[in-house]
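Novice: I'd like to ask some things about the structure below.
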Amino acid sequence: MNLNQQQSEALKKFAPQIESFSRPALVWVYLLLIPMGLAAYALYRQVVDGHIVTGMRDHVVWGLYIANFIFFIGISYAGAIISGFLHLLKVEWRKPIIRIAELITVIATIIGPVYILLCVGRLDRLHHLVIYGRLQSPITWDVLAITTYLFGGLLFLYLATIKDLAIYRDATELKLSGWRRRIYKALALDYQGSPEQNKSLAISMNLLSIMIIPLAIIVHSVLSWIFGMTLRPGWHSTIFGPYFVLAAIYSGTGVLIITMWIFRKVYNLYDYLLDKHFIYLGYIMMVMAGAYGYFTFSEYLTDWYTSTRWDSEVISKLFDLNQFGGLFLFANVAGIILPIAIVAIPYFRKPGLITIAAAFMVLALWVKRYLIIVPTLESPLFPIQDSRLEYIHYSPTWVEWALTVGGVATFLLLFTLASKFMTIVSVSEFESEKHV
Amino acid sequence: MDQPENVNQGTRRNFLSQLGALGAVAACGSAACSCSSGSNHEQYETGNKVKLLSPDGEMVEIDESHLRHVHKTVGVSREAARQGIPGKKFVMVIDLAKCKNARKCVSACQKMHHLPEDKEWVSIRLMKDSEKGSPYWFPKTCFHCDNPPCAKVCPVDATYKRSDGLVMIDNERCIGCKFCMAACPYSTRVFNWDEPVMSSELAALSYSPETSLPRKIGTVEKCDFCPDMIREGKLPDCVTACPNGVFYFGDENEDVVTNGDETIRFSQIIAERGGYRYAEDLGTKPRVYYLPPRDRIFPVERGLDGKSEELKERYMDILNPDKEEV
């Protein structure tokens, strides 16, 4: 394939990244393997000893795992915004960040469901979901939606990468081993840049980006309905679907900003990931923060104002500083007020500060997921009359923490490996910029 | 089934014959209860020998621990357990005025189902309806709802509603996702967080949802109204174990319930005594009715007599509400 000036420059710039592992990169990968190894041991303990090794018990039947599940599926929305909305709106500045966003989507959608598997007591019977599957169960909805979403995300990432794969295949200046070139060759599907090929690629991408928007909305809605369909205070809420979808887009934007900042720094991509990318995504983050804040306010105001006994029990735990009050305060200050303040005030509107705000916000949204799960499960209709402390209050064990940290490490590792396989900024996209 | 009245009498006769055969090894669970003299511990060879009259009329001496296995029926197959007992609609009435937290239902249930001491399918809560109200003991079984939120959400049809009203669990199909536990508003369901401790005999049984044996790690369990006993025309163990006749069990189609001593019309007692279902507003339509704790025959404090500190501690929030404020 013939490359234009910009493309050749970009390829040259990214060559060291995809050609080999630098020493720091190798050290980084080995460092990630430590928490992953610990997580593997924790998983082994859980499989051998049963769920007794977790902090989950008969009242709080779900804990960190399900919070992580919502969290990872949530951040996968990074790709949905970029490839869905921004693609359809033909926003030009999105081009350098498409690859990062799509990778977040695919990797997070691979890791997220692992956490729901960790909640399953009998992994040896997973096939029952297929042979005895009941369409009436929200879990079945989830399985269907997330599987479709993962394939949609993978397909979109792949289609968006085909041109690049052809470039890597043909780039004689890249020092690549034979087997890698063969992989690129196979994956590039004989793309030569002919007008017909470009046309069918463009049509497929448009169709997929149209499909991925409703699909993304469905995924987080059915996820919220796992909770919304139960008779539990704090869960049985009509706004849970949109509330979850919004929080997902919001946290996805945050993770996208953080990832961009890291790659810009580590791979020295200041020419490609510009300040304006941070500022534009910061605007999206701010708008989402406002909308998310509105949903949060609406949700808790209605429960607090009407104050039925059962709802009040959960609310009082969230408002009590001796119980979940501290976390609740953090979730709302760091999760709503901070990002708005940083982006709204021009003096603070800088990549570094926006990234810090995004980092706090992402953490706050993880805490928020925890606060959706645990206080509700600790407040059953019948009073918990039990003297075993671990049955009254949930506290995660080292196994759950190890698997949580392990999940984050796996995310980072897969991201690092992906950035070694393909350029983190799409090289081929520079071509269309010229034509437009 | 064609003559419901007779069937019901059969239930009652069966129950009475159980009492008569108190010493017979093959007879019933209550035999095991009375012989093990109050010890709730689930153990293997205890060393305590018990003299019993065998069905052949011989005196035999066996280890205490063997007693509790024998009454256990062989359960029907998993397929058969999906079919309810034809023509039946089981219902339970719990008379709160008579409960004094004797906890015999709890221990009998644990024996019957080979549960460890800390696992309660039947539990007794201390309830207080309003600030001015006085506390009362509230035995809680599975409500076997007619609109069961648990069975609704099960992704694999492992927990299901039968035509005879029972909500059952197939522990060989259950994947352990715990969604039913989150969906049940009554905290009825418990999970096998680790490998259940069982004798080798129990572990070797072929599984039946009607006996819930052998118990399985990583799956959900709950009160099942002892369907294996019902199938034989006997009453569930909590009903027969209660010294105060708190539990009435029967068939709504026949409109009769019995606590073993007294057989009454179901519709009549609900109408006369103001029977209600717990949290009716949730729309789950429980099959367990409660008779309000009016004219109680025991003061609530009697329920704590002779109980362990651990048990007393459970109810402190209700008994000393001021302490909770601190």
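If you're wondering about the labels, chains in the structure tokens are A, B, ... by order shown, residues count from 1 in each chain, ligands from 1 in order shown.
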As a PyMOL selection string, could you give me every residue of chain A near chain B (at most 9 Å apart, counting only C-alpha atoms)?
Specialist: chain A and resi 49-54+56-62+116-117+119-126+128-140+226-227+229-232+377+380-388
Novice: Would you kindly return, as a PyMOL selection string, each protein, DNA or RNA residue with an atom no farther than 8 Å from any atom of Pro292 (chain B), considering only C-alpha atoms and excluding same-chain residues fewer than 6 positions away?
Specialist: chain B and resi 95-97+273-276
Novice: Could those residues be written to a file, using C-alpha atoms, as a compact mmCIF listing (two decimals), in the first residue's frame?
Specialist:
```txt
# COMPACT_ATOMS: atom_id res chain seq x y z
CA ASP B 95 -50.11 -19.44 65.03
CA LEU B 96 -47.95 -16.67 66.47
CA ALA B 97 -49.95 -16.67 69.71
CA ARG B 273 -58.41 -15.25 63.67
CA GLY B 274 -57.48 -12.52 61.21
CA GLY B 275 -54.93 -14.63 59.39
CA TYR B 276 -52.55 -12.69 57.16
```
Novice: Go through B:Cys223, B:Ala271, B:Tyr207, B:Val74 one by one, measure the shortest atom-to-atom distance of each to Glu120 (chain B) using only C-alpha atoms, and give the residue with the smallest value.
Specialist: B:Cys223
Novice: In region 96-245 of chain B, what's strand (DSSP E) per DSSP? Answer as a ChimeraX atom specification?
Specialist: /B:123-127,136-140,159-161,167-169,190-191,220-221
Novice: As a PDB file with N, CA and C atoms, in the first residue's frame, please: the residues near region 296-310 of chain A (cut-off 9 Å, only C-alpha atoms, same-chain neighbours under 3 positions excluded).
Specialist:
```pdb
ATOM      1  N   ARG A 232     -36.020  -4.999  46.240  1.00  0.00           N
ATOM      2  CA  ARG A 232     -35.033  -4.545  47.210  1.00  0.00           C
ATOM      3  C   ARG A 232     -34.985  -3.027  47.223  1.00  0.00           C
ATOM      4  N   PRO A 233     -34.870  -2.442  48.410  1.00  0.00           N
ATOM      5  CA  PRO A 233     -34.776  -0.977  48.468  1.00  0.00           C
ATOM      6  C   PRO A 233     -33.468  -0.521  47.833  1.00  0.00           C
ATOM      7  N   GLY A 234     -33.526   0.590  47.123  1.00  0.00           N
ATOM      8  CA  GLY A 234     -32.313   1.095  46.483  1.00  0.00           C
ATOM      9  C   GLY A 234     -32.031   0.428  45.150  1.00  0.00           C
ATOM     10  N   SER A 237     -35.861   0.442  41.190  1.00  0.00           N
ATOM     11  CA  SER A 237     -36.061   1.828  40.801  1.00  0.00           C
ATOM     12  C   SER A 237     -36.271   1.905  39.299  1.00  0.00           C
ATOM     13  N   ILE A 239     -35.648   4.370  37.324  1.00  0.00           N
ATOM     14  CA  ILE A 239     -34.620   5.076  36.551  1.00  0.00           C
ATOM     15  C   ILE A 239     -33.307   4.303  36.492  1.00  0.00           C
ATOM     16  N   PHE A 240     -33.303   3.075  37.010  1.00  0.00           N
ATOM     17  CA  PHE A 240     -32.032   2.359  37.076  1.00  0.00           C
ATOM     18  C   PHE A 240     -31.395   2.129  35.707  1.00  0.00           C
ATOM     19  N   TYR A 243     -29.950   5.421  34.404  1.00  0.00           N
ATOM     20  CA  TYR A 243     -28.933   5.837  35.385  1.00  0.00           C
ATOM     21  C   TYR A 243     -27.633   5.058  35.156  1.00  0.00           C
ATOM     22  N   ALA A 291     -25.350  15.382  34.122  1.00  0.00           N
ATOM     23  CA  ALA A 291     -26.488  14.476  33.948  1.00  0.00           C
ATOM     24  C   ALA A 291     -26.489  13.388  35.022  1.00  0.00           C
ATOM     25  N   TYR A 292     -25.304  12.865  35.300  1.00  0.00           N
ATOM     26  CA  TYR A 292     -25.182  11.817  36.317  1.00  0.00           C
ATOM     27  C   TYR A 292     -25.550  12.371  37.696  1.00  0.00           C
ATOM     28  N   GLY A 293     -25.122  13.600  37.956  1.00  0.00           N
ATOM     29  CA  GLY A 293     -25.468  14.241  39.230  1.00  0.00           C
ATOM     30  C   GLY A 293     -26.967  14.415  39.356  1.00  0.00           C
ATOM     31  N   GLU A 313     -34.126   2.778  55.471  1.00  0.00           N
ATOM     32  CA  GLU A 313     -33.060   2.032  56.133  1.00  0.00           C
ATOM     33  C   GLU A 313     -31.767   2.132  55.316  1.00  0.00           C
ATOM     34  N   VAL A 314     -31.907   1.976  53.998  1.00  0.00           N
ATOM     35  CA  VAL A 314     -30.725   2.070  53.138  1.00  0.00           C
ATOM     36  C   VAL A 314     -30.209   3.504  53.109  1.00  0.00           C
ATOM     37  N   ILE A 315     -31.133   4.452  52.950  1.00  0.00           N
ATOM     38  CA  ILE A 315     -30.739   5.864  52.888  1.00  0.00           C
ATOM     39  C   ILE A 315     -29.996   6.269  54.158  1.00  0.00           C
ATOM     40  N   SER A 316     -30.516   5.824  55.299  1.00  0.00           N
ATOM     41  CA  SER A 316     -29.889   6.244  56.549  1.00  0.00           C
ATOM     42  C   SER A 316     -28.471   5.680  56.663  1.00  0.00           C
ATOM     43  N   ASN A 332     -19.872  11.240  45.680  1.00  0.00           N
ATOM     44  CA  ASN A 332     -20.575  12.369  45.086  1.00  0.00           C
ATOM     45  C   ASN A 332     -19.686  13.584  44.859  1.00  0.00           C
ATOM     46  N   SER A 379     -29.531  -4.677  54.110  1.00  0.00           N
ATOM     47  CA  SER A 379     -30.804  -4.217  54.668  1.00  0.00           C
ATOM     48  C   SER A 379     -31.972  -5.067  54.179  1.00  0.00           C
ATOM     49  N   PRO A 380     -32.028  -6.339  54.579  1.00  0.00           N
ATOM     50  CA  PRO A 380     -33.155  -7.158  54.140  1.00  0.00           C
ATOM     51  C   PRO A 380     -34.443  -6.768  54.862  1.00  0.00           C
ATOM     52  N   LEU A 381     -35.559  -7.274  54.355  1.00  0.00           N
ATOM     53  CA  LEU A 381     -36.864  -6.940  54.924  1.00  0.00           C
ATOM     54  C   LEU A 381     -36.960  -7.424  56.369  1.00  0.00           C
TER      55      LEU A 381
END
```
Novice: What gap, in Å, lies between CA of Trp93 (chain A) and CA of Met285 (chain A)?
Specialist: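 Separation of CA of Trp93 (chain A) and CA of Met285 (chain A): 16.1 Å.
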Novice: Restricting the calculation to only C-alpha atoms: of A:Trp179, A:Tyr44, A:Tyr115, A:Trp261, which residue gets closest to Ile66 (chain A)?
Specialist: A:Tyr115
Novice: Counting only C-alpha atoms, figure out which residue out of A:Tyr191, A:Tyr250, A:Tyr168, A:Tyr149 gets nearest to Met286 (chain A).
Specialist: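 Among the listed residues, A:Tyr250 lies closest to Met286 (chain A).
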Novice: Please compute the CA of Thr355 (chain A)-CA of Thr253 (chain A) distance, one decimal, in Å.
Specialist: 10.6 Å
Novice: What gap, in Å, lies between CA of Arg162 (chain B) and CA of Leu213 (chain B)?
Specialist: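 CA of Arg162 (chain B) sits 19.0 Å away from CA of Leu213 (chain B).
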Novice: Which residues are close to Phe266 (chain B), i.e. within 10 Å by only C-alpha atoms, leaving aside same-chain residues fewer than 4 positions away? Reply as a list of chain:residue names.
Specialist: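 Within the cut-off, the hits are B:Val91, B:Met92, B:Val93, B:Tyr248, B:Phe249, B:Gly250, B:Asp251, B:Glu252, B:Asn253, B:Glu254, B:Asp255, B:Val256, B:Val257, B:Thr258, B:Ile270, B:Ala271, B:Gly275, B:Tyr289.
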